[in-house]
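Notes follow once the structure below has been shown.
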Amino acid sequence: MEFGYSEDQDAIRDAVARICERFDDAYWLARDKEGGFPTDFYEAFAREGWLGICTAEAYGGSGLGVTEAALMMRTIAESGAGMSGASALHINIFGLNPIAMFGTEEQKQRMLRPMVEGREKACFAVTEPNTGLNTTQLKLRADKRGDRYVVNGQKVWISTAQVADKILLLARTTPLEEVEKPTRGLSLFYTDFDRERIRVREIEKMGRKAVDSNELFFEDFEIPEADRIGEEGRGFEYILHGMNPERVLIAAEAVGLGMLAVNRASAYAKERVVFNRPIGQNQAIQHPLAKCWADLEAAWLMTMSAAWQYDQGLPCGAAANAAKYLAGEAGFTACETAVMTHGGFGYAKEYHVERYLREVMVPRIAPVSQQLALCYVAERVLGLPKSY
């Protein structure tokens with residue numbers, strides 16, 4: 001059993017860190033205040049080929065695994081970019097995996113290469129206002145009319161829709177009451193983001209202002225049949241192949257952000273003098289930070305295990321959900337502890353840790369809640385009856 005990184009993996013971390021060094025705390029503080037997609041950050045990674053880290057070489061990518069992608073995403077978050085930087089690239093790393101697995105050769109060439117090269121940005125549209133995480137109950141309809149589908153309905157919490165050129169869309173093509181089981185009748189599409197037929201409303205939120213979240217309203221939005229991925233009605237099955245990698249990457253980002261917070265808090269605790277001694281000399285400061293580090297390290301081992309299982313073609317749902325849960329909780333506690341270590345200054349934007357606390361709510365909530373991650377483990381690992 002090998003716990004160390006290979007030379008190539010160390011080289012990946014070093015190369016990614018060098019790009020991140022160009023975007024300092026002042027850059028991310030400005031993005032947090034002003035908003036606006038971090039296009040220069042995105043383009044820096046696109047120029048050096050990192051958007052295709054998991055994409056096959058035949059389509060312009062590097063052909064590496066989710067393990068390497070997780071190392072990359074942790075490094076980005078830990079650099080100071082946090083979830084603002086990670087989320088700007090996130091969808092490109094895992095989102096088009098269903099196309100890579102179920103698309104035709106023509107679709108792969110047409111759809112994957114522009115994303116890898118940074119010429120097209122994508123958004124991923126699944127969640128709806130009245131269904132939440134109950135994906136099988138999606139209502140947005142795509143009605144077949146000749147060689148096209150006509151889409152009407154709503155989606156919500158869609159990241160990067162303000163800047164997206166393409167949309168990966170899950171829509172119901174057969175009414176729920178007409179299918180044998182609720183996982184059927186959903187189809188997956190990857191197509192142009194037509195802003196004349198898709199109205200985008202940005203959602204004001206507590207953090208990660210640089211990466212927009214949106215509600216989408218579809219009005220007679222047309223999709224060519226050639227942009228349907230795989231068979232009609234099997235879209236839910238297809239998106240499952242992107243869900244476990246997403247959980248792994250979210251976990252990696254939460255660990256990175258948590259480690260960033262712990263390191264910032266530790267540096268402050270060495271310098272901040274109260275009652276004629278650095279506050280880091282007090283065990284009341286030391287022990288919470290040490291526990292955060294230990295919890296983050298444990299979550300990272302779970303994340304690496306899940307990534308390895310996925311890359312080996314093994315079932316990894318339990319490990320991926322456990323990694324997401326552990327990293328989300330450990331990351332949140334680390335960011336909260338960093339704010340408390342700074343005392344009153346932790347509330348000030350100039351020290352950055354309050355931004356980390358706001359941003360760490362993303363991997364704690366998304367892509368599934370802590371409770372649903374635990375439900376998966378309870379049902380699939382412990383054999384307990386389904387609770388919902």
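Residues are referred to by chain and number: the chain letter is A, B, ... according to the order shown in the structure tokens, the number counts from 1 in that chain, and ligands are numbered separately from 1 in the order shown.
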
- From a DSSP calculation on the backbone, collect every residue of segment 192-256 of chain A in alpha helix (DSSP H) and output the set as a PyMOL selection string. chain A and resi 235-256

- Who sits within 9 Å of Thr136 of chain A, only C-alpha atoms, same chain under 2 positions skipped, as a list in words: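 In the requested format, the answer is Thr131, Leu133, Asn134, Leu138, Leu176, Pro182, Thr183, Arg184, Leu186 and Phe236 of chain A.
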
- Name the closest residue to Leu240 of chain A among the candidates A:Val362, A:Gly95, A:Val179, A:Asn282; distances are taken between atoms, counting only C-alpha atoms.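 The closest residue to Leu240 of chain A is A:Gly95.
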
- Item | Which of segment 62-249 of chain A fall in strand (DSSP E), as JSON, numbers by chain | {"A": [122, 123, 124, 125, 141, 142, 143, 144, 145, 148, 149, 150, 151, 152, 153, 154, 155, 156, 157, 158, 159, 166, 167, 168, 169, 170, 171, 172, 186, 187, 188, 189, 190, 191, 192, 198, 199, 200, 201, 202, 213, 214, 215, 216, 217, 218, 219, 220, 221, 222, 223, 224, 228, 229]}

Dump of C-alpha atoms for the selected residues, as an mmCIF file, in the first residue's frame:
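Done, and the output landed in part-v3.cif:
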```
data_model
loop_
_atom_site.group_PDB
_atom_site.id
_atom_site.type_symbol
_atom_site.label_atom_id
_atom_site.label_comp_id
_atom_site.auth_asym_id
_atom_site.auth_seq_id
_atom_site.Cartn_x
_atom_site.Cartn_y
_atom_site.Cartn_z
ATOM 1 C CA ALA A 122 -20.184 24.796 -19.695
ATOM 2 C CA CYS A 123 -22.814 24.835 -16.962
ATOM 3 C CA PHE A 124 -24.590 21.803 -15.505
ATOM 4 C CA ALA A 125 -28.368 22.081 -15.073
ATOM 5 C CA ARG A 141 -39.932 18.893 -20.044
ATOM 6 C CA ALA A 142 -38.187 18.265 -23.332
ATOM 7 C CA ASP A 143 -40.852 17.356 -25.914
ATOM 8 C CA LYS A 144 -39.726 15.599 -29.101
ATOM 9 C CA ARG A 145 -40.833 17.404 -32.258
ATOM 10 C CA ARG A 148 -35.570 18.524 -32.203
ATOM 11 C CA TYR A 149 -36.612 18.714 -28.562
ATOM 12 C CA VAL A 150 -38.495 21.737 -27.223
ATOM 13 C CA VAL A 151 -37.772 22.554 -23.584
ATOM 14 C CA ASN A 152 -39.920 24.470 -21.108
ATOM 15 C CA GLY A 153 -39.512 24.818 -17.359
ATOM 16 C CA GLN A 154 -37.084 25.976 -14.679
ATOM 17 C CA LYS A 155 -33.751 25.058 -13.122
ATOM 18 C CA VAL A 156 -32.114 26.578 -10.055
ATOM 19 C CA TRP A 157 -28.650 26.866 -8.456
ATOM 20 C CA ILE A 158 -26.915 26.631 -11.814
ATOM 21 C CA SER A 159 -23.314 27.811 -11.501
ATOM 22 C CA LYS A 166 -22.915 25.377 -23.402
ATOM 23 C CA ILE A 167 -25.347 23.656 -21.074
ATOM 24 C CA LEU A 168 -25.427 20.043 -19.889
ATOM 25 C CA LEU A 169 -29.128 19.607 -19.239
ATOM 26 C CA LEU A 170 -31.155 16.834 -17.631
ATOM 27 C CA ALA A 171 -34.790 16.995 -18.726
ATOM 28 C CA ARG A 172 -37.853 14.753 -18.610
ATOM 29 C CA LEU A 186 -35.034 11.539 -18.095
ATOM 30 C CA SER A 187 -32.701 12.424 -20.970
ATOM 31 C CA LEU A 188 -29.340 14.171 -21.050
ATOM 32 C CA PHE A 189 -28.393 16.903 -23.529
ATOM 33 C CA TYR A 190 -25.297 19.002 -24.189
ATOM 34 C CA THR A 191 -26.085 21.960 -26.380
ATOM 35 C CA ASP A 192 -25.657 25.682 -27.055
ATOM 36 C CA ILE A 198 -33.133 30.828 -21.607
ATOM 37 C CA ARG A 199 -33.683 33.661 -19.175
ATOM 38 C CA VAL A 200 -30.977 33.805 -16.498
ATOM 39 C CA ARG A 201 -31.537 35.378 -13.090
ATOM 40 C CA GLU A 202 -28.529 35.550 -10.780
ATOM 41 C CA SER A 213 -25.347 30.948 -9.180
ATOM 42 C CA ASN A 214 -28.579 31.301 -11.118
ATOM 43 C CA GLU A 215 -32.167 30.397 -11.747
ATOM 44 C CA LEU A 216 -32.936 29.496 -15.372
ATOM 45 C CA PHE A 217 -36.260 29.891 -17.163
ATOM 46 C CA PHE A 218 -36.658 27.910 -20.424
ATOM 47 C CA GLU A 219 -39.234 29.103 -22.952
ATOM 48 C CA ASP A 220 -39.528 26.964 -26.124
ATOM 49 C CA PHE A 221 -35.783 26.301 -26.017
ATOM 50 C CA GLU A 222 -34.889 24.007 -28.938
ATOM 51 C CA ILE A 223 -32.248 21.271 -28.799
ATOM 52 C CA PRO A 224 -31.198 19.297 -31.905
ATOM 53 C CA ARG A 228 -28.804 14.228 -26.967
ATOM 54 C CA ILE A 229 -26.267 12.087 -25.116
#
```

- Smallest atom-to-atom distance to Tyr356 of chain A: which of A:Ala373, A:Leu64, A:Ile19, A:Leu260, using only C-alpha atoms? A:Leu260

- Query: Pick from A:Glu271, A:Glu7, A:Asp295, A:Asp40: nearest to Gly85 of chain A, with only C-alpha atoms counted?
  - Reply: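 Closest to Gly85 of chain A, using only C-alpha atoms: A:Asp40.
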
- Message: List as a ChimeraX atom specification the protein and nucleic acid residues near Ala338 of chain A, meaning an atom at most 12 Å away when only C-alpha atoms are counted, but skip any in the same chain fewer than 2 places from it.
- Response: /A:257-269,285-286,288-290,292-293,331-336,340-347,351-357

Please write the residues from the selection above to a file, keeping N, CA and C atoms, as a compact mmCIF listing (two decimals), in the first residue's frame.
```
# COMPACT_ATOMS: atom_id res chain seq x y z
N LEU A 257 -9.33 24.15 1.37
CA LEU A 257 -9.78 25.39 2.02
C LEU A 257 -9.59 25.29 3.52
N GLY A 258 -9.87 24.13 4.11
CA GLY A 258 -9.67 23.96 5.54
C GLY A 258 -8.21 24.08 5.93
N MET A 259 -7.32 23.48 5.15
CA MET A 259 -5.89 23.59 5.44
C MET A 259 -5.41 25.02 5.28
N LEU A 260 -5.93 25.72 4.30
CA LEU A 260 -5.61 27.14 4.14
C LEU A 260 -5.98 27.91 5.40
N ALA A 261 -7.18 27.66 5.92
CA ALA A 261 -7.65 28.35 7.12
C ALA A 261 -6.78 28.03 8.32
N VAL A 262 -6.42 26.76 8.50
CA VAL A 262 -5.58 26.35 9.63
C VAL A 262 -4.21 27.00 9.54
N ASN A 263 -3.63 27.03 8.35
CA ASN A 263 -2.31 27.64 8.19
C ASN A 263 -2.33 29.14 8.44
N ARG A 264 -3.39 29.83 7.97
CA ARG A 264 -3.50 31.26 8.23
C ARG A 264 -3.68 31.53 9.73
N ALA A 265 -4.51 30.71 10.37
CA ALA A 265 -4.75 30.90 11.81
C ALA A 265 -3.48 30.62 12.61
N SER A 266 -2.73 29.60 12.23
CA SER A 266 -1.50 29.26 12.94
C SER A 266 -0.47 30.38 12.80
N ALA A 267 -0.35 30.93 11.60
CA ALA A 267 0.58 32.04 11.39
C ALA A 267 0.19 33.25 12.24
N TYR A 268 -1.11 33.54 12.29
CA TYR A 268 -1.58 34.67 13.11
C TYR A 268 -1.31 34.40 14.59
N ALA A 269 -1.54 33.16 15.03
CA ALA A 269 -1.37 32.83 16.45
C ALA A 269 0.09 32.94 16.90
N ILE A 285 -5.78 27.71 22.15
CA ILE A 285 -5.61 28.02 20.72
C ILE A 285 -5.00 26.82 20.00
N GLN A 286 -4.00 26.21 20.62
CA GLN A 286 -3.28 25.11 19.97
C GLN A 286 -4.17 23.90 19.68
N PRO A 288 -7.55 23.25 19.40
CA PRO A 288 -8.54 23.26 18.32
C PRO A 288 -7.90 23.23 16.93
N LEU A 289 -6.79 23.96 16.76
CA LEU A 289 -6.12 23.97 15.45
C LEU A 289 -5.49 22.62 15.16
N ALA A 290 -4.90 22.00 16.17
CA ALA A 290 -4.30 20.69 15.97
C ALA A 290 -5.36 19.65 15.61
N CYS A 292 -8.21 20.28 14.12
CA CYS A 292 -8.63 20.58 12.75
C CYS A 292 -7.68 19.95 11.74
N TRP A 293 -6.38 20.08 12.00
CA TRP A 293 -5.39 19.49 11.10
C TRP A 293 -5.58 17.98 11.01
N GLY A 331 -13.68 20.77 6.97
CA GLY A 331 -13.38 22.07 6.38
C GLY A 331 -14.14 23.18 7.06
N PHE A 332 -15.41 22.95 7.35
CA PHE A 332 -16.22 23.95 8.04
C PHE A 332 -15.65 24.26 9.42
N THR A 333 -15.34 23.24 10.19
CA THR A 333 -14.82 23.45 11.54
C THR A 333 -13.48 24.19 11.49
N ALA A 334 -12.64 23.86 10.51
CA ALA A 334 -11.35 24.53 10.38
C ALA A 334 -11.52 26.01 10.08
N CYS A 335 -12.44 26.35 9.19
CA CYS A 335 -12.66 27.75 8.85
C CYS A 335 -13.26 28.53 10.02
N GLU A 336 -14.19 27.89 10.72
CA GLU A 336 -14.77 28.53 11.90
C GLU A 336 -13.70 28.74 12.97
N MET A 340 -12.29 32.27 14.83
CA MET A 340 -12.24 32.44 16.28
C MET A 340 -10.81 32.66 16.77
N THR A 341 -9.84 32.06 16.12
CA THR A 341 -8.44 32.28 16.49
C THR A 341 -8.05 33.74 16.29
N HIS A 342 -8.58 34.35 15.26
CA HIS A 342 -8.29 35.76 14.99
C HIS A 342 -9.08 36.70 15.90
N GLY A 343 -10.03 36.17 16.64
CA GLY A 343 -10.84 37.03 17.49
C GLY A 343 -11.62 38.04 16.66
N GLY A 344 -11.65 39.27 17.11
CA GLY A 344 -12.38 40.31 16.39
C GLY A 344 -11.88 40.53 14.98
N PHE A 345 -10.55 40.35 14.79
CA PHE A 345 -10.00 40.55 13.45
C PHE A 345 -10.47 39.46 12.48
N GLY A 346 -10.93 38.33 13.01
CA GLY A 346 -11.46 37.30 12.14
C GLY A 346 -12.70 37.75 11.40
N TYR A 347 -13.35 38.78 11.91
CA TYR A 347 -14.56 39.32 11.30
C TYR A 347 -14.24 40.33 10.21
N TYR A 351 -8.36 40.15 6.71
CA TYR A 351 -7.65 38.96 7.18
C TYR A 351 -8.09 37.70 6.44
N HIS A 352 -9.09 37.81 5.60
CA HIS A 352 -9.50 36.76 4.65
C HIS A 352 -10.23 35.57 5.26
N VAL A 353 -10.03 35.27 6.54
CA VAL A 353 -10.61 34.04 7.07
C VAL A 353 -12.14 34.07 7.11
N GLU A 354 -12.74 35.26 7.21
CA GLU A 354 -14.20 35.31 7.17
C GLU A 354 -14.72 34.89 5.80
N ARG A 355 -13.94 35.16 4.76
CA ARG A 355 -14.32 34.69 3.41
C ARG A 355 -14.24 33.18 3.33
N TYR A 356 -13.23 32.62 3.94
CA TYR A 356 -13.13 31.16 3.93
C TYR A 356 -14.36 30.52 4.59
N LEU A 357 -14.81 31.11 5.71
CA LEU A 357 -15.96 30.55 6.42
C LEU A 357 -17.22 30.64 5.56
```

Just want the 10 Å neighbourhood of Asp311 of chain A, counted on only C-alpha atoms, with same-chain residues fewer than 6 positions away dropped. Output as a PDB file with C-alpha atoms, in the first residue's frame.
```pdb
ATOM      1  CA  LEU A  64      -5.074  11.405 -16.058  1.00  0.00           C
ATOM      2  CA  GLY A  65      -7.308  10.223 -13.241  1.00  0.00           C
ATOM      3  CA  VAL A  66      -9.606  11.694 -10.631  1.00  0.00           C
ATOM      4  CA  THR A  67      -6.727  11.237  -8.164  1.00  0.00           C
ATOM      5  CA  GLU A  68      -4.647  13.786 -10.076  1.00  0.00           C
ATOM      6  CA  PRO A 245     -16.049  12.263  -9.243  1.00  0.00           C
ATOM      7  CA  SER A 305      -9.158   6.329  -1.231  1.00  0.00           C
TER       8      SER A 305
END
```

- Distance in Å - atom CA of Met304 of chain A versus atom CA of Ala81 of chain A: 21.3 Å

- Excluding Met243 of chain A and any residue of its chain fewer than 5 positions from it, enumerate the residues within 10 Å of it, using only C-alpha atoms, and give them as a list in words.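 The neighbour list is Phe94, Gly95, Asn97, Pro98, Tyr238, Val248, Leu249, Gly317, Ala320, Asn321, Pro367 and Val368 of chain A.
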
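Of the listed residues A:Ala294, A:Ala210, A:Cys54, A:Met302, the one whose atoms come nearest to Gly36 of chain A is A:Ala210, with distances taken using only C-alpha atoms.
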
Shell of 12 Å around Ala44 of chain A, only C-alpha atoms, local chain residues under 3 positions omitted, as a PDB file with C-alpha atoms, in the first residue's frame:
```pdb
ATOM      1  CA  ALA A  15       2.841  23.394 -11.531  1.00  0.00           C
ATOM      2  CA  VAL A  16      -0.671  24.210 -10.310  1.00  0.00           C
ATOM      3  CA  ARG A  18       2.909  28.212  -9.605  1.00  0.00           C
ATOM      4  CA  ILE A  19      -0.138  29.322 -11.594  1.00  0.00           C
ATOM      5  CA  CYS A  20      -2.020  30.131  -8.395  1.00  0.00           C
ATOM      6  CA  GLU A  21       0.865  32.306  -7.155  1.00  0.00           C
ATOM      7  CA  ARG A  22      -0.037  34.841  -9.853  1.00  0.00           C
ATOM      8  CA  PHE A  23      -3.413  35.388  -8.146  1.00  0.00           C
ATOM      9  CA  PRO A  38     -12.293  35.237 -12.747  1.00  0.00           C
ATOM     10  CA  THR A  39     -11.683  34.987 -16.477  1.00  0.00           C
ATOM     11  CA  ASP A  40      -7.925  35.594 -16.288  1.00  0.00           C
ATOM     12  CA  PHE A  41      -7.579  32.805 -13.700  1.00  0.00           C
ATOM     13  CA  ARG A  47      -3.573  27.911 -21.655  1.00  0.00           C
ATOM     14  CA  GLU A  48      -1.498  25.340 -19.810  1.00  0.00           C
ATOM     15  CA  GLY A  49      -3.921  22.493 -20.507  1.00  0.00           C
ATOM     16  CA  TRP A  50      -5.246  21.844 -17.021  1.00  0.00           C
ATOM     17  CA  LEU A  51      -8.941  21.939 -17.905  1.00  0.00           C
ATOM     18  CA  GLY A  85     -11.027  29.604  -7.740  1.00  0.00           C
ATOM     19  CA  ALA A  88     -14.423  28.500 -11.662  1.00  0.00           C
ATOM     20  CA  LEU A  89     -12.822  25.303 -13.010  1.00  0.00           C
ATOM     21  CA  GLU A 117      -8.984  24.156 -24.796  1.00  0.00           C
ATOM     22  CA  GLY A 118     -10.960  26.783 -22.870  1.00  0.00           C
TER      23      GLY A 118
END
```
